[in-house]
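Asks: Pasting in a structure now, in structure tokens, and then I'll have a few things to ask.
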Amino acid sequence: MRRITCAAAMLLAGTPCAAREPETQPFDKAPYARVLYVSQAGGADTPQAGTMQAPLRSVRYALTRSGDAEPSGRIAIVVAEGNYREPNLALKPGVDLYGGFQAGTWRRDVVEFASVLDGGGTGRVLIGSDAARLDGFRLRNGRVSGPGGALLCDGVSPTITNNVFENNRTLTPRPWNPKALHEDANDGGAIACNNGCRAVVANNLFVRNATETGRGGAIAVNRSSPEIRENVVLENSAGLADPMRSSDGGGISIYDHSRPLLRDNLIIANRTIASNDGGGIFVALWSSPVIQSNVLAGNYGDDDGGALFVGGQKHHYGTPKDVPPPAGEFLVTLTGNLFAGNRHGSTNSGTMRVTMESRVRMTGNLMVQNPGGLNLQASDIAAERNTILDPVHVRPPGQVSFANSILRGGFRADGEVAVRHCATLEETAGEGNTNAAPKFADDGASWVAAKAVYDARHFRTTFTLPPGTALPAHPEGRPVRFGDRWSVVQSAVPGGLAVWGDLSAQRWLELPPSYTLKEKLPGVEF
């Protein structure tokens, strides 16, 4: 499987996006005191089984057997291909699970020999544990009236790598009759990281997970600080059955004093429903994420923030507002991200909405073709070295500054804003500003594809382009547009392009330019 390099973000912002789909890594049994083998094909859950030649049959029995090992030694459970319908499994400290092996030969390929952990629509797939790893599985069909449709990490911090989370869901709480909007519900369609969780979530694919009522269609972070990196977050939804606006964050929700790292992720075509905020990412209640080198493309927010919503205060109904935390304890950091083709219902904040006493630092981001652009209100925002080709609307109160940036989508400020050394669409007061138009490299292209075929195993569409078509160098990771739909290039393939998601009904596609400057503008530094 090919590594994705997000060329547009790298060229402009100086930081590559290293998102990867799940990949097959060699299994090394040397670090383990004991290895147990599981296979539905010919396995048996007996005390004598568990070897390569005589494997166990179920993952649940293997987890039970893993308690027999020496306390000082780690244990590995190696799981062959098959559909293991064993809901509500619980990981164990010191026990690592590896999937994606061929039955009998134990050759590993996590796509070809899929090991499926199936919730069967009757429960959560897994409960997390400290000091445990889950690598190379497909987790699907989790259904739970609680947090974490596939995996709940409540106060524990496992390592979750190279997995596919597909078609998992949290259900609406029962009974559900909240007194006000924006109440807490069942968060995390695939994963919920709660109460001090510091999990590592890396190189996974999250596709078509959802909440009925709850934040975070794919991942929800509450009072936690996980590391979420190099994942593909594709076509997830929040709020499928939500009458009370309690389902923000179509892809990822970050809430309640959380401090995660979100780095090098592709966040594509996620959505919120029922007037909820943040189609791609939602941040609120004094959370301080570092959001770095991600690509957000084609997300939809039914209320504010097509790609991103940032709030400080939570919504208060009849209760006093919080006193904002001091500057050293609350800051949202946006660095080197690429926003393209995101939108929302009212068309005033397709890129992002920042509000409710937020505190944000924006550096080196590229924002382009997001209808409605940036809506910034009642927040302190320091923005430097950004290229923003979307409209910007700043509303008081708050201290807002833009420096060394390209602001060519239109700039409107209803109050005082410091703008210096920026290239704007119109003449703008401030030190060193210019309205000279930047010259970008002409490296975009458009085509009519001869054929488009969807691969359901890899969740991508391959477009066959006319013979002799010249592709731009390194198209991987660049946003691509199909009429009013957007996605991201997964890889260049012989004779065409592979693109994330099911776009098999499309034929016309456009690769927008990467907006790399041909020459510097006077007074504007990057």
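Every chain in the structure tokens takes a letter, A first, then B, and so on in the order presented; its residues are numbered from 1, and the ligands are numbered from 1 following the presented order.
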I'd like the contact shell of Pro243 in chain A - 12 Å cut-off, only C-alpha atoms, skipping same-chain residues fewer than 3 positions apart - returned as a PyMOL selection string.
Replies: chain A and resi 172+176-183+185+212-214+239-240+246-247+273-276
Asks: Filtering to N, CA and C atoms, could you give me those residues as a PDB file, in the first residue's frame?
Replies:
```
ATOM      1  N   THR A 172     -28.956   6.694  20.016  1.00  0.00           N
ATOM      2  CA  THR A 172     -29.519   7.749  20.854  1.00  0.00           C
ATOM      3  C   THR A 172     -29.757   7.216  22.272  1.00  0.00           C
ATOM      4  N   TRP A 176     -34.431   9.803  26.158  1.00  0.00           N
ATOM      5  CA  TRP A 176     -33.718  10.994  25.697  1.00  0.00           C
ATOM      6  C   TRP A 176     -34.705  12.146  25.631  1.00  0.00           C
ATOM      7  N   ASN A 177     -34.699  12.949  26.680  1.00  0.00           N
ATOM      8  CA  ASN A 177     -35.602  14.087  26.759  1.00  0.00           C
ATOM      9  C   ASN A 177     -34.885  15.245  27.453  1.00  0.00           C
ATOM     10  N   PRO A 178     -33.805  15.771  26.830  1.00  0.00           N
ATOM     11  CA  PRO A 178     -33.013  16.823  27.486  1.00  0.00           C
ATOM     12  C   PRO A 178     -33.800  18.125  27.609  1.00  0.00           C
ATOM     13  N   LYS A 179     -33.420  18.914  28.622  1.00  0.00           N
ATOM     14  CA  LYS A 179     -34.117  20.171  28.867  1.00  0.00           C
ATOM     15  C   LYS A 179     -33.647  21.284  27.941  1.00  0.00           C
ATOM     16  N   ALA A 180     -32.426  21.141  27.387  1.00  0.00           N
ATOM     17  CA  ALA A 180     -31.863  22.197  26.547  1.00  0.00           C
ATOM     18  C   ALA A 180     -31.129  21.561  25.379  1.00  0.00           C
ATOM     19  N   LEU A 181     -30.785  22.413  24.408  1.00  0.00           N
ATOM     20  CA  LEU A 181     -29.967  21.966  23.284  1.00  0.00           C
ATOM     21  C   LEU A 181     -28.539  21.689  23.742  1.00  0.00           C
ATOM     22  N   HIS A 182     -27.803  20.968  22.895  1.00  0.00           N
ATOM     23  CA  HIS A 182     -26.355  20.763  23.084  1.00  0.00           C
ATOM     24  C   HIS A 182     -26.012  19.993  24.359  1.00  0.00           C
ATOM     25  N   GLU A 183     -26.852  19.046  24.740  1.00  0.00           N
ATOM     26  CA  GLU A 183     -26.545  18.211  25.897  1.00  0.00           C
ATOM     27  C   GLU A 183     -25.591  17.082  25.495  1.00  0.00           C
ATOM     28  N   ALA A 185     -24.432  13.380  24.852  1.00  0.00           N
ATOM     29  CA  ALA A 185     -25.155  12.161  24.469  1.00  0.00           C
ATOM     30  C   ALA A 185     -24.143  11.024  24.322  1.00  0.00           C
ATOM     31  N   GLU A 212     -26.043   8.416  16.138  1.00  0.00           N
ATOM     32  CA  GLU A 212     -27.434   8.862  16.028  1.00  0.00           C
ATOM     33  C   GLU A 212     -27.587  10.177  16.769  1.00  0.00           C
ATOM     34  N   THR A 213     -27.154  10.200  18.024  1.00  0.00           N
ATOM     35  CA  THR A 213     -27.130  11.427  18.811  1.00  0.00           C
ATOM     36  C   THR A 213     -25.844  11.411  19.631  1.00  0.00           C
ATOM     37  N   GLY A 214     -24.911  12.271  19.270  1.00  0.00           N
ATOM     38  CA  GLY A 214     -23.625  12.303  19.953  1.00  0.00           C
ATOM     39  C   GLY A 214     -22.562  12.940  19.073  1.00  0.00           C
ATOM     40  N   GLY A 239     -25.175  12.785  14.097  1.00  0.00           N
ATOM     41  CA  GLY A 239     -26.515  13.322  14.256  1.00  0.00           C
ATOM     42  C   GLY A 239     -27.562  12.711  13.344  1.00  0.00           C
ATOM     43  N   LEU A 240     -27.486  11.410  13.082  1.00  0.00           N
ATOM     44  CA  LEU A 240     -28.456  10.778  12.194  1.00  0.00           C
ATOM     45  C   LEU A 240     -29.881  10.859  12.719  1.00  0.00           C
ATOM     46  N   SER A 246     -27.092  17.927  19.531  1.00  0.00           N
ATOM     47  CA  SER A 246     -26.093  17.381  20.452  1.00  0.00           C
ATOM     48  C   SER A 246     -25.074  16.515  19.716  1.00  0.00           C
ATOM     49  N   SER A 247     -24.834  16.803  18.424  1.00  0.00           N
ATOM     50  CA  SER A 247     -24.048  15.894  17.582  1.00  0.00           C
ATOM     51  C   SER A 247     -23.061  16.661  16.708  1.00  0.00           C
ATOM     52  N   ILE A 273     -25.355  16.576  10.739  1.00  0.00           N
ATOM     53  CA  ILE A 273     -26.754  16.631  10.334  1.00  0.00           C
ATOM     54  C   ILE A 273     -27.514  17.373  11.439  1.00  0.00           C
ATOM     55  N   ALA A 274     -28.736  17.803  11.156  1.00  0.00           N
ATOM     56  CA  ALA A 274     -29.659  18.334  12.170  1.00  0.00           C
ATOM     57  C   ALA A 274     -29.103  19.564  12.882  1.00  0.00           C
ATOM     58  N   SER A 275     -28.579  20.520  12.089  1.00  0.00           N
ATOM     59  CA  SER A 275     -28.113  21.814  12.607  1.00  0.00           C
ATOM     60  C   SER A 275     -26.980  21.683  13.609  1.00  0.00           C
ATOM     61  N   ASN A 276     -26.083  20.746  13.396  1.00  0.00           N
ATOM     62  CA  ASN A 276     -24.900  20.596  14.234  1.00  0.00           C
ATOM     63  C   ASN A 276     -23.670  21.195  13.542  1.00  0.00           C
TER      64      ASN A 276
END
```
Asks: At a cut-off of 10 Å, using only C-alpha atoms, what residues contact Asp118 in chain A? Leave out same-chain residues fewer than 4 positions from it and give the result as an MDAnalysis selection string.
Replies: chainID A and resid 83:88 122:126 138:142 150 166 168
Asks: If you count only C-alpha atoms, which residues fall within 12 Å of His344 in chain A, apart from same-chain ones fewer than 3 positions away, as JSON, numbers by chain?
Replies: {"A": [250, 269, 270, 271, 272, 273, 274, 275, 276, 277, 278, 279, 280, 298, 299, 300, 301, 302, 303, 304, 305, 306, 307, 308, 309, 341, 347, 348, 349, 350, 351, 352, 353, 370, 371, 372, 373, 374, 375]}
Asks: Residues as selected, C-alpha atoms, written as a CSV table (one decimal), in the first residue's frame, can you do that?
Replies:
```csv
chain,number,residue,atom,x,y,z
A,250,GLY,CA,-18.9,14.9,11.7
A,269,ALA,CA,-16.4,14.2,3.1
A,270,ASN,CA,-17.6,13.9,6.7
A,271,ARG,CA,-20.8,15.7,7.7
A,272,THR,CA,-23.0,16.9,10.6
A,273,ILE,CA,-26.8,16.6,10.3
A,274,ALA,CA,-29.7,18.3,12.2
A,275,SER,CA,-28.1,21.8,12.6
A,276,ASN,CA,-24.9,20.6,14.2
A,277,ASP,CA,-21.5,22.3,13.9
A,278,GLY,CA,-18.1,21.2,12.5
A,279,GLY,CA,-18.4,18.9,9.5
A,280,GLY,CA,-14.8,17.9,9.7
A,298,GLY,CA,-15.3,18.1,1.0
A,299,ASN,CA,-16.7,18.2,4.6
A,300,TYR,CA,-20.2,19.6,5.3
A,301,GLY,CA,-21.4,21.2,8.5
A,302,ASP,CA,-25.2,21.6,8.7
A,303,ASP,CA,-24.8,24.6,11.0
A,304,ASP,CA,-21.5,26.4,11.5
A,305,GLY,CA,-18.1,25.4,10.2
A,306,GLY,CA,-18.0,23.2,7.1
A,307,ALA,CA,-14.5,22.0,7.9
A,308,LEU,CA,-13.8,23.2,11.4
A,309,PHE,CA,-15.7,24.7,14.4
A,341,GLY,CA,-14.1,22.4,-0.9
A,347,THR,CA,-22.8,29.5,3.4
A,348,ASN,CA,-21.0,31.9,5.8
A,349,SER,CA,-18.3,29.6,7.3
A,350,GLY,CA,-17.4,26.8,4.8
A,351,THR,CA,-13.8,27.0,6.0
A,352,MET,CA,-14.3,27.6,9.8
A,353,ARG,CA,-16.2,29.3,12.5
A,370,ASN,CA,-14.6,26.9,0.7
A,371,PRO,CA,-17.9,28.8,0.2
A,372,GLY,CA,-18.5,31.4,2.9
A,373,GLY,CA,-14.9,31.2,4.1
A,374,LEU,CA,-13.9,32.2,7.7
A,375,ASN,CA,-16.4,33.6,10.2
```
Asks: Excluding same-chain residues fewer than 6 positions from range 414-424 of chain A, what lies within 12 Å of it counting only C-alpha atoms, as a ChimeraX atom specification?
Replies: /A:375-408,430-439,520-526
Asks: In Å to one decimal, how far is CA of Asn204 in chain A from CA of Leu97 in chain A?
Replies: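 So the two atoms, CA of Leu97 in chain A and CA of Asn204 in chain A, lie 15.0 Å apart.
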Asks: What's around range 440-451 of chain A at 6 Å? Count only C-alpha atoms, leave out sequence neighbours fewer than 2 positions away in its own chain, and write the answer as a list in words.
Replies: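 After dropping sequence-adjacent residues, the list is Phe463, Thr464, Leu465, Arg507, Trp508, Leu509, Glu510, Leu511, Pro512, Pro513, Tyr515, Thr516, Leu517 and Lys518 of chain A.
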Asks: Would you list the contacts of range 50-65 of chain A as a PyMOL selection string, taking every protein, DNA or RNA residue within 8 Å and counting only C-alpha atoms, but skipping same-chain residues closer than 2 positions in sequence?
Replies: chain A and resi 35-46+48+67-68+77+79+84+86+89+91-92+104+106
Asks: For those residues, write N, CA and C atoms to a file as a short mmCIF file (atom, residue, chain, number, x, y, z; two decimals), in the first residue's frame.
Replies:
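After the write, result.cif holds the following:
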```
data_model
loop_
_atom_site.label_atom_id
_atom_site.label_comp_id
_atom_site.auth_asym_id
_atom_site.auth_seq_id
_atom_site.Cartn_x
_atom_site.Cartn_y
_atom_site.Cartn_z
N VAL A 35 3.03 -16.52 22.30
CA VAL A 35 2.21 -16.18 21.15
C VAL A 35 1.10 -17.21 21.03
N LEU A 36 -0.14 -16.74 20.96
CA LEU A 36 -1.29 -17.60 20.75
C LEU A 36 -1.84 -17.35 19.35
N TYR A 37 -2.22 -18.42 18.65
CA TYR A 37 -2.72 -18.32 17.28
C TYR A 37 -4.21 -18.67 17.27
N VAL A 38 -4.98 -17.90 16.47
CA VAL A 38 -6.42 -18.07 16.39
C VAL A 38 -6.81 -18.18 14.92
N SER A 39 -7.65 -19.17 14.60
CA SER A 39 -8.15 -19.32 13.24
C SER A 39 -9.51 -19.99 13.27
N GLN A 40 -10.48 -19.38 12.58
CA GLN A 40 -11.79 -20.02 12.46
C GLN A 40 -11.71 -21.30 11.63
N ALA A 41 -10.74 -21.35 10.71
CA ALA A 41 -10.60 -22.52 9.84
C ALA A 41 -9.83 -23.61 10.58
N GLY A 42 -10.53 -24.51 11.20
CA GLY A 42 -9.89 -25.64 11.87
C GLY A 42 -9.42 -25.39 13.27
N GLY A 43 -9.72 -24.22 13.85
CA GLY A 43 -9.33 -23.95 15.22
C GLY A 43 -10.25 -24.60 16.23
N ALA A 44 -9.77 -24.72 17.47
CA ALA A 44 -10.58 -25.32 18.54
C ALA A 44 -10.25 -24.64 19.85
N ASP A 45 -11.27 -24.26 20.60
CA ASP A 45 -11.07 -23.59 21.89
C ASP A 45 -10.89 -24.65 22.98
N THR A 46 -9.69 -25.20 23.05
CA THR A 46 -9.35 -26.21 24.05
C THR A 46 -8.06 -25.81 24.74
N GLN A 48 -5.34 -27.30 25.07
CA GLN A 48 -4.13 -27.73 24.39
C GLN A 48 -3.85 -26.91 23.13
N GLY A 67 -4.25 -14.86 30.09
CA GLY A 67 -3.96 -14.64 31.50
C GLY A 67 -3.07 -15.69 32.11
N ASP A 68 -2.77 -16.76 31.34
CA ASP A 68 -1.95 -17.84 31.88
C ASP A 68 -0.45 -17.56 31.80
N ILE A 77 -1.50 -12.17 20.44
CA ILE A 77 -2.53 -13.03 19.87
C ILE A 77 -2.58 -12.75 18.38
N VAL A 79 -4.26 -13.46 14.76
CA VAL A 79 -5.61 -13.86 14.34
C VAL A 79 -5.65 -13.99 12.81
N TYR A 84 -15.10 -12.68 12.91
CA TYR A 84 -15.21 -13.06 14.31
C TYR A 84 -16.32 -12.22 14.94
N GLU A 86 -17.93 -11.51 17.75
CA GLU A 86 -17.75 -11.68 19.20
C GLU A 86 -17.85 -10.30 19.86
N LEU A 89 -15.76 -7.58 23.31
CA LEU A 89 -14.46 -8.09 23.73
C LEU A 89 -13.75 -7.03 24.57
N LEU A 91 -9.88 -5.79 25.65
CA LEU A 91 -8.42 -5.92 25.59
C LEU A 91 -7.86 -6.07 27.00
N LYS A 92 -6.62 -6.58 27.09
CA LYS A 92 -5.99 -6.82 28.39
C LYS A 92 -4.61 -6.19 28.43
N GLY A 104 -3.47 -21.11 8.06
CA GLY A 104 -2.59 -22.21 7.69
C GLY A 104 -1.16 -21.80 7.42
N TRP A 106 -0.03 -18.54 7.68
CA TRP A 106 0.26 -17.41 8.57
C TRP A 106 1.04 -16.30 7.86
#
```
Asks: Quick check for you: according to DSSP on this backbone, which residues of range 94-290 of chain A are classed as strand (DSSP E)? Reply as a ChimeraX atom specification.
Replies: /A:95-101,115-118,126-127,133-135,138-140,143-144,151-154,159-161,164-166,169-170,191-194,200-202,205-207,210-211,219-222,227-229,232-234,237-238,252-255,261-263,266-268,271-272,281-284,290
Asks: Tell me, as a ChimeraX atom specification, which residues lie within 12 Å of Pro326 in chain A, counting only C-alpha atoms; anything in the same chain fewer than 4 positions away does not count.
Replies: /A:286,288,322,330-331,357-359
Asks: Measure the distance from CA of Ala413 in chain A to CA of Met367 in chain A in Å and round it to one decimal.
Replies: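 Pair CA of Ala413 in chain A / CA of Met367 in chain A returns 18.4 Å.
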Asks: Which of these, A:Asn365, A:Gln506, A:Thr211, A:Asn195, has the shortest distance to Ser225 in chain A once you count only C-alpha atoms?
Replies: A:Asn195
Asks: Give the answer as one residue: which of A:Gly188, A:Lys321, A:Asn231, A:Ser487 has the shortest atom-to-atom distance to Ile219 in chain A, using only C-alpha atoms?
Replies: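 Under the stated criterion, the closest residue is A:Gly188.
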Asks: Can you tell me how far CA of Ala114 in chain A sits from CA of Arg20 in chain A, in Å to one decimal?
Replies: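 A separation of 17.7 Å between them.
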